[in-house]
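Visitor: Take a look at the following structure, please.
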Amino acid sequence: MAATLYIIATPIGNLEDITYRAVRILGEVDLIAAEDTRHSLKLLNHFGISKPLTSYFDHNQQFKGERILNALRQGKSVALISDAGTPCISDPGYQLVRDAVAEKINVVPLPGACAAVAALSASGLPTDTFTFAGFPPSRQGKRRTFLSGMNDLPGTLVLYEAPHRLIDTLGDIREVLGERQVIVARELTKIYEEFIHGTVSEVIAVVSQGQVRGEVVILIAAGEAVPEENEPLELVLRRLMATGTLSIKDAAKQAATISGVSRSEAYSEALRLRNSAELA
Ligand code: SAM
């Protein structure tokens, strides 16, 4: 095999979701770079694959990336896998691919499971336009700012979330984006796979009944555009500040015009929001 970096999707639960091609290529490469080698060893053992393994995760990306690139420069073939699903999608890998592409090393994707796409495909929400925004920030202030930046996006919004933050994040979705239709897709491809449909409040009521377990994807239907004159000052400011392109002064100036308040009122609210985001 010529020097090639294979980006290989692995199952997100059900092991039958690996592809024939993924099994073949994993058995042929010189080296497998895995997010967690112990975790991936179970998958590789299951398919009878025995190959040199090296770790490649968030905190060793720079140093390990260079070693993997060296192997590729020497003409070796390398497979990149993550713990589950498609590498680089809310998983390590982007920097390695970027560097390999910059060196004109052959990069080949082997498509397969991806929780975001699996959830979207069975959600019943429009799929023609969607935004995948990964994990929202874990702190509430930053999460609200992040969500308000999504307010005007067309199409379905797809988020990943940790189960212990699900209820808080749904609460912020209701607060910032309004009472939209949402779907929580839980434990996809596993025994307890479940799709919880409803308004944000309905879904919060369902998931609040017990401890949320397992992995979840949140899908949010596009919102009715809120008439700008009715949009509360705080939301207008959050949306404008989330663009990252406006100074506080300019955001306050625009928000004052949109919301029909004085510039000084908008400016002090903008300062309050900025300070609370910094403290969060
Ligand atoms: N690279 C992976 C992919 O292609 O989907 C995503 C990795 S990311 C670190 C892990 C997140 O993906 C989880 O927190 C959850 O939001 C989502 N996820 C992964 N597997 C899932 C599953 N079986 N059911 C629901 N969500 C899942």
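Every chain in the structure tokens takes a letter, A first, then B, and so on in the order presented; its residues are numbered from 1, and the ligands are numbered from 1 following the presented order.
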Any residue with an atom at most 7 Å from ligand 1 counts, using only C-alpha atoms and all ligand atoms. Which are they? Put them as a ChimeraX atom specification.
Guide: /A:12-13,82,84-91,113-116,160-162,185-190,215-217
Visitor: Restricting the output to N, CA, C and O atoms, write the selected residues as an mmCIF file, in the first residue's frame.
Guide:
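Generated file (result.cif):
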data_model
loop_
_atom_site.group_PDB
_atom_site.id
_atom_site.type_symbol
_atom_site.label_atom_id
_atom_site.label_comp_id
_atom_site.auth_asym_id
_atom_site.auth_seq_id
_atom_site.Cartn_x
_atom_site.Cartn_y
_atom_site.Cartn_z
ATOM 1 N N ILE A 12 -20.957 3.162 16.097
ATOM 2 C CA ILE A 12 -21.287 3.996 17.268
ATOM 3 C C ILE A 12 -22.041 3.165 18.300
ATOM 4 O O ILE A 12 -22.667 3.711 19.210
ATOM 5 N N GLY A 13 -22.025 1.891 18.172
ATOM 6 C CA GLY A 13 -22.720 1.009 19.120
ATOM 7 C C GLY A 13 -22.766 -0.405 18.572
ATOM 8 O O GLY A 13 -22.085 -1.293 19.061
ATOM 9 N N SER A 82 -11.418 6.640 15.617
ATOM 10 C CA SER A 82 -11.705 7.225 16.932
ATOM 11 C C SER A 82 -12.465 6.192 17.758
ATOM 12 O O SER A 82 -12.662 5.067 17.303
ATOM 13 N N ALA A 84 -15.541 5.967 18.449
ATOM 14 C CA ALA A 84 -16.793 5.580 17.799
ATOM 15 C C ALA A 84 -17.108 6.585 16.707
ATOM 16 O O ALA A 84 -16.829 7.773 16.850
ATOM 17 N N GLY A 85 -17.667 6.098 15.610
ATOM 18 C CA GLY A 85 -18.109 6.989 14.548
ATOM 19 C C GLY A 85 -16.978 7.462 13.651
ATOM 20 O O GLY A 85 -15.950 6.795 13.517
ATOM 21 N N THR A 86 -17.187 8.620 13.086
ATOM 22 C CA THR A 86 -16.264 9.143 12.080
ATOM 23 C C THR A 86 -15.194 10.011 12.738
ATOM 24 O O THR A 86 -15.537 10.974 13.435
ATOM 25 N N PRO A 87 -13.913 9.670 12.546
ATOM 26 C CA PRO A 87 -12.855 10.522 13.101
ATOM 27 C C PRO A 87 -13.026 11.960 12.605
ATOM 28 O O PRO A 87 -13.586 12.188 11.529
ATOM 29 N N CYS A 88 -12.545 12.896 13.373
ATOM 30 C CA CYS A 88 -12.568 14.334 13.044
ATOM 31 C C CYS A 88 -13.928 14.980 13.311
ATOM 32 O O CYS A 88 -14.039 16.205 13.324
ATOM 33 N N ILE A 89 -14.994 14.202 13.461
ATOM 34 C CA ILE A 89 -16.309 14.792 13.721
ATOM 35 C C ILE A 89 -16.484 14.812 15.240
ATOM 36 O O ILE A 89 -16.769 13.777 15.853
ATOM 37 N N SER A 90 -16.231 15.981 15.846
ATOM 38 C CA SER A 90 -16.167 16.118 17.318
ATOM 39 C C SER A 90 -15.225 15.075 17.901
ATOM 40 O O SER A 90 -15.455 14.549 18.994
ATOM 41 N N ASP A 91 -14.209 14.745 17.193
ATOM 42 C CA ASP A 91 -13.176 13.787 17.598
ATOM 43 C C ASP A 91 -11.848 14.266 17.033
ATOM 44 O O ASP A 91 -11.829 15.022 16.061
ATOM 45 N N ALA A 113 -20.491 4.995 10.119
ATOM 46 C CA ALA A 113 -21.354 5.551 11.161
ATOM 47 C C ALA A 113 -20.938 6.951 11.582
ATOM 48 O O ALA A 113 -19.741 7.251 11.715
ATOM 49 N N CYS A 114 -21.946 7.783 11.803
ATOM 50 C CA CYS A 114 -21.753 9.112 12.383
ATOM 51 C C CYS A 114 -23.050 9.423 13.121
ATOM 52 O O CYS A 114 -24.133 9.410 12.512
ATOM 53 N N ALA A 115 -22.961 9.657 14.428
ATOM 54 C CA ALA A 115 -24.176 9.813 15.236
ATOM 55 C C ALA A 115 -25.059 10.957 14.719
ATOM 56 O O ALA A 115 -26.283 10.834 14.687
ATOM 57 N N ALA A 116 -24.436 12.059 14.309
ATOM 58 C CA ALA A 116 -25.224 13.219 13.858
ATOM 59 C C ALA A 116 -26.070 12.855 12.644
ATOM 60 O O ALA A 116 -27.265 13.176 12.584
ATOM 61 N N TYR A 160 -24.339 17.659 19.634
ATOM 62 C CA TYR A 160 -23.973 16.566 20.525
ATOM 63 C C TYR A 160 -24.052 17.100 21.959
ATOM 64 O O TYR A 160 -23.825 18.300 22.191
ATOM 65 N N GLU A 161 -24.356 16.237 22.901
ATOM 66 C CA GLU A 161 -24.348 16.682 24.292
ATOM 67 C C GLU A 161 -24.066 15.500 25.218
ATOM 68 O O GLU A 161 -24.398 14.349 24.895
ATOM 69 N N ALA A 162 -23.436 15.793 26.335
ATOM 70 C CA ALA A 162 -23.202 14.763 27.350
ATOM 71 C C ALA A 162 -24.518 14.550 28.106
ATOM 72 O O ALA A 162 -25.253 15.520 28.336
ATOM 73 N N ALA A 185 -32.158 12.023 20.332
ATOM 74 C CA ALA A 185 -31.884 10.670 19.821
ATOM 75 C C ALA A 185 -30.862 10.046 20.759
ATOM 76 O O ALA A 185 -29.750 10.548 20.902
ATOM 77 N N ARG A 186 -31.285 8.975 21.413
ATOM 78 C CA ARG A 186 -30.473 8.410 22.497
ATOM 79 C C ARG A 186 -30.024 7.000 22.139
ATOM 80 O O ARG A 186 -30.785 6.226 21.560
ATOM 81 N N GLU A 187 -28.794 6.683 22.477
ATOM 82 C CA GLU A 187 -28.283 5.310 22.349
ATOM 83 C C GLU A 187 -28.511 4.708 20.954
ATOM 84 O O GLU A 187 -28.967 3.569 20.806
ATOM 85 N N LEU A 188 -28.189 5.480 19.943
ATOM 86 C CA LEU A 188 -28.401 5.031 18.559
ATOM 87 C C LEU A 188 -27.665 3.729 18.292
ATOM 88 O O LEU A 188 -26.507 3.566 18.703
ATOM 89 N N THR A 189 -28.350 2.849 17.597
ATOM 90 C CA THR A 189 -27.847 1.529 17.163
ATOM 91 C C THR A 189 -27.643 0.554 18.325
ATOM 92 O O THR A 189 -27.154 -0.554 18.129
ATOM 93 N N LYS A 190 -28.016 0.968 19.541
ATOM 94 C CA LYS A 190 -27.835 0.093 20.708
ATOM 95 C C LYS A 190 -29.194 -0.446 21.181
ATOM 96 O O LYS A 190 -30.239 -0.039 20.676
ATOM 97 N N GLU A 215 -25.670 7.901 25.365
ATOM 98 C CA GLU A 215 -25.226 9.016 24.522
ATOM 99 C C GLU A 215 -26.414 9.653 23.817
ATOM 100 O O GLU A 215 -27.368 8.965 23.460
ATOM 101 N N VAL A 216 -26.334 10.952 23.618
ATOM 102 C CA VAL A 216 -27.475 11.663 23.021
ATOM 103 C C VAL A 216 -27.054 12.653 21.931
ATOM 104 O O VAL A 216 -25.994 13.264 21.994
ATOM 105 N N VAL A 217 -27.958 12.763 20.966
ATOM 106 C CA VAL A 217 -27.858 13.819 19.952
ATOM 107 C C VAL A 217 -29.127 14.657 20.098
ATOM 108 O O VAL A 217 -30.213 14.104 20.291
#
Visitor: Any idea what's packed within 8 Å of Ala222 (chain A), counting only C-alpha atoms, ignoring anything in its chain fewer than 6 positions away? Could you give it as a VMD selection string?
Guide: chain A and resid 153 to 157 180
Visitor: Emit the selected residues as a PDB file, in the first residue's frame, including all heavy atoms.
Guide:
ATOM      1  N   LEU A 153     -30.371  30.528  11.935  1.00  0.00           N
ATOM      2  CA  LEU A 153     -29.908  29.583  10.920  1.00  0.00           C
ATOM      3  C   LEU A 153     -31.084  28.889  10.252  1.00  0.00           C
ATOM      4  O   LEU A 153     -32.053  28.532  10.918  1.00  0.00           O
ATOM      5  CB  LEU A 153     -29.021  28.508  11.571  1.00  0.00           C
ATOM      6  CG  LEU A 153     -27.646  28.957  12.050  1.00  0.00           C
ATOM      7  CD1 LEU A 153     -26.950  27.802  12.763  1.00  0.00           C
ATOM      8  CD2 LEU A 153     -26.808  29.427  10.871  1.00  0.00           C
ATOM      9  N   PRO A 154     -30.975  28.660   8.948  1.00  0.00           N
ATOM     10  CA  PRO A 154     -32.053  27.911   8.290  1.00  0.00           C
ATOM     11  C   PRO A 154     -31.853  26.412   8.539  1.00  0.00           C
ATOM     12  O   PRO A 154     -30.734  25.966   8.795  1.00  0.00           O
ATOM     13  CB  PRO A 154     -31.822  28.231   6.804  1.00  0.00           C
ATOM     14  CG  PRO A 154     -30.355  28.497   6.700  1.00  0.00           C
ATOM     15  CD  PRO A 154     -29.906  29.063   8.026  1.00  0.00           C
ATOM     16  N   GLY A 155     -32.906  25.644   8.490  1.00  0.00           N
ATOM     17  CA  GLY A 155     -32.784  24.179   8.560  1.00  0.00           C
ATOM     18  C   GLY A 155     -32.648  23.664   9.980  1.00  0.00           C
ATOM     19  O   GLY A 155     -32.771  24.395  10.966  1.00  0.00           O
ATOM     20  N   THR A 156     -32.379  22.378  10.063  1.00  0.00           N
ATOM     21  CA  THR A 156     -32.325  21.669  11.344  1.00  0.00           C
ATOM     22  C   THR A 156     -30.953  21.866  11.990  1.00  0.00           C
ATOM     23  O   THR A 156     -29.936  21.833  11.306  1.00  0.00           O
ATOM     24  CB  THR A 156     -32.589  20.168  11.087  1.00  0.00           C
ATOM     25  OG1 THR A 156     -33.864  20.043  10.458  1.00  0.00           O
ATOM     26  CG2 THR A 156     -32.570  19.359  12.362  1.00  0.00           C
ATOM     27  N   LEU A 157     -30.987  22.061  13.296  1.00  0.00           N
ATOM     28  CA  LEU A 157     -29.729  22.219  14.041  1.00  0.00           C
ATOM     29  C   LEU A 157     -29.434  20.910  14.784  1.00  0.00           C
ATOM     30  O   LEU A 157     -30.313  20.354  15.441  1.00  0.00           O
ATOM     31  CB  LEU A 157     -29.888  23.379  15.020  1.00  0.00           C
ATOM     32  CG  LEU A 157     -28.724  23.691  15.955  1.00  0.00           C
ATOM     33  CD1 LEU A 157     -27.454  24.026  15.176  1.00  0.00           C
ATOM     34  CD2 LEU A 157     -29.094  24.882  16.853  1.00  0.00           C
ATOM     35  N   ARG A 180     -39.315  25.399  20.552  1.00  0.00           N
ATOM     36  CA  ARG A 180     -39.274  24.734  19.233  1.00  0.00           C
ATOM     37  C   ARG A 180     -39.537  23.235  19.361  1.00  0.00           C
ATOM     38  O   ARG A 180     -39.510  22.685  20.449  1.00  0.00           O
ATOM     39  CB  ARG A 180     -37.883  24.915  18.631  1.00  0.00           C
ATOM     40  CG  ARG A 180     -37.534  26.356  18.395  1.00  0.00           C
ATOM     41  CD  ARG A 180     -36.419  26.414  17.418  1.00  0.00           C
ATOM     42  NE  ARG A 180     -35.894  27.759  17.292  1.00  0.00           N
ATOM     43  CZ  ARG A 180     -34.881  28.041  16.499  1.00  0.00           C
ATOM     44  NH1 ARG A 180     -34.291  27.087  15.811  1.00  0.00           N
ATOM     45  NH2 ARG A 180     -34.446  29.280  16.410  1.00  0.00           N
TER      46      ARG A 180
END
Visitor: Using only C-alpha atoms, find the one residue out of A:Lys51, A:Arg238, A:Arg98, A:His39 that sits nearest to Thr145 (chain A).
Guide: A:Arg238
Visitor: To one decimal place, how far is CA of Arg165 (chain A) from CA of Asn151 (chain A) in Å?
Guide: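 Interatomic distance here is 20.3 Å.
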Visitor: Residues of region 24-82 of chain A classed as helix (DSSP H, G or I) by DSSP on the backbone are to be reported as a ChimeraX atom specification.
Guide: /A:24-28,37-46,58-73
Visitor: Could you give me the residues within region 102-151 of chain A that DSSP places in strand (DSSP E or B), as an MDAnalysis selection string?
Guide: chainID A and resid 106:110 130:132
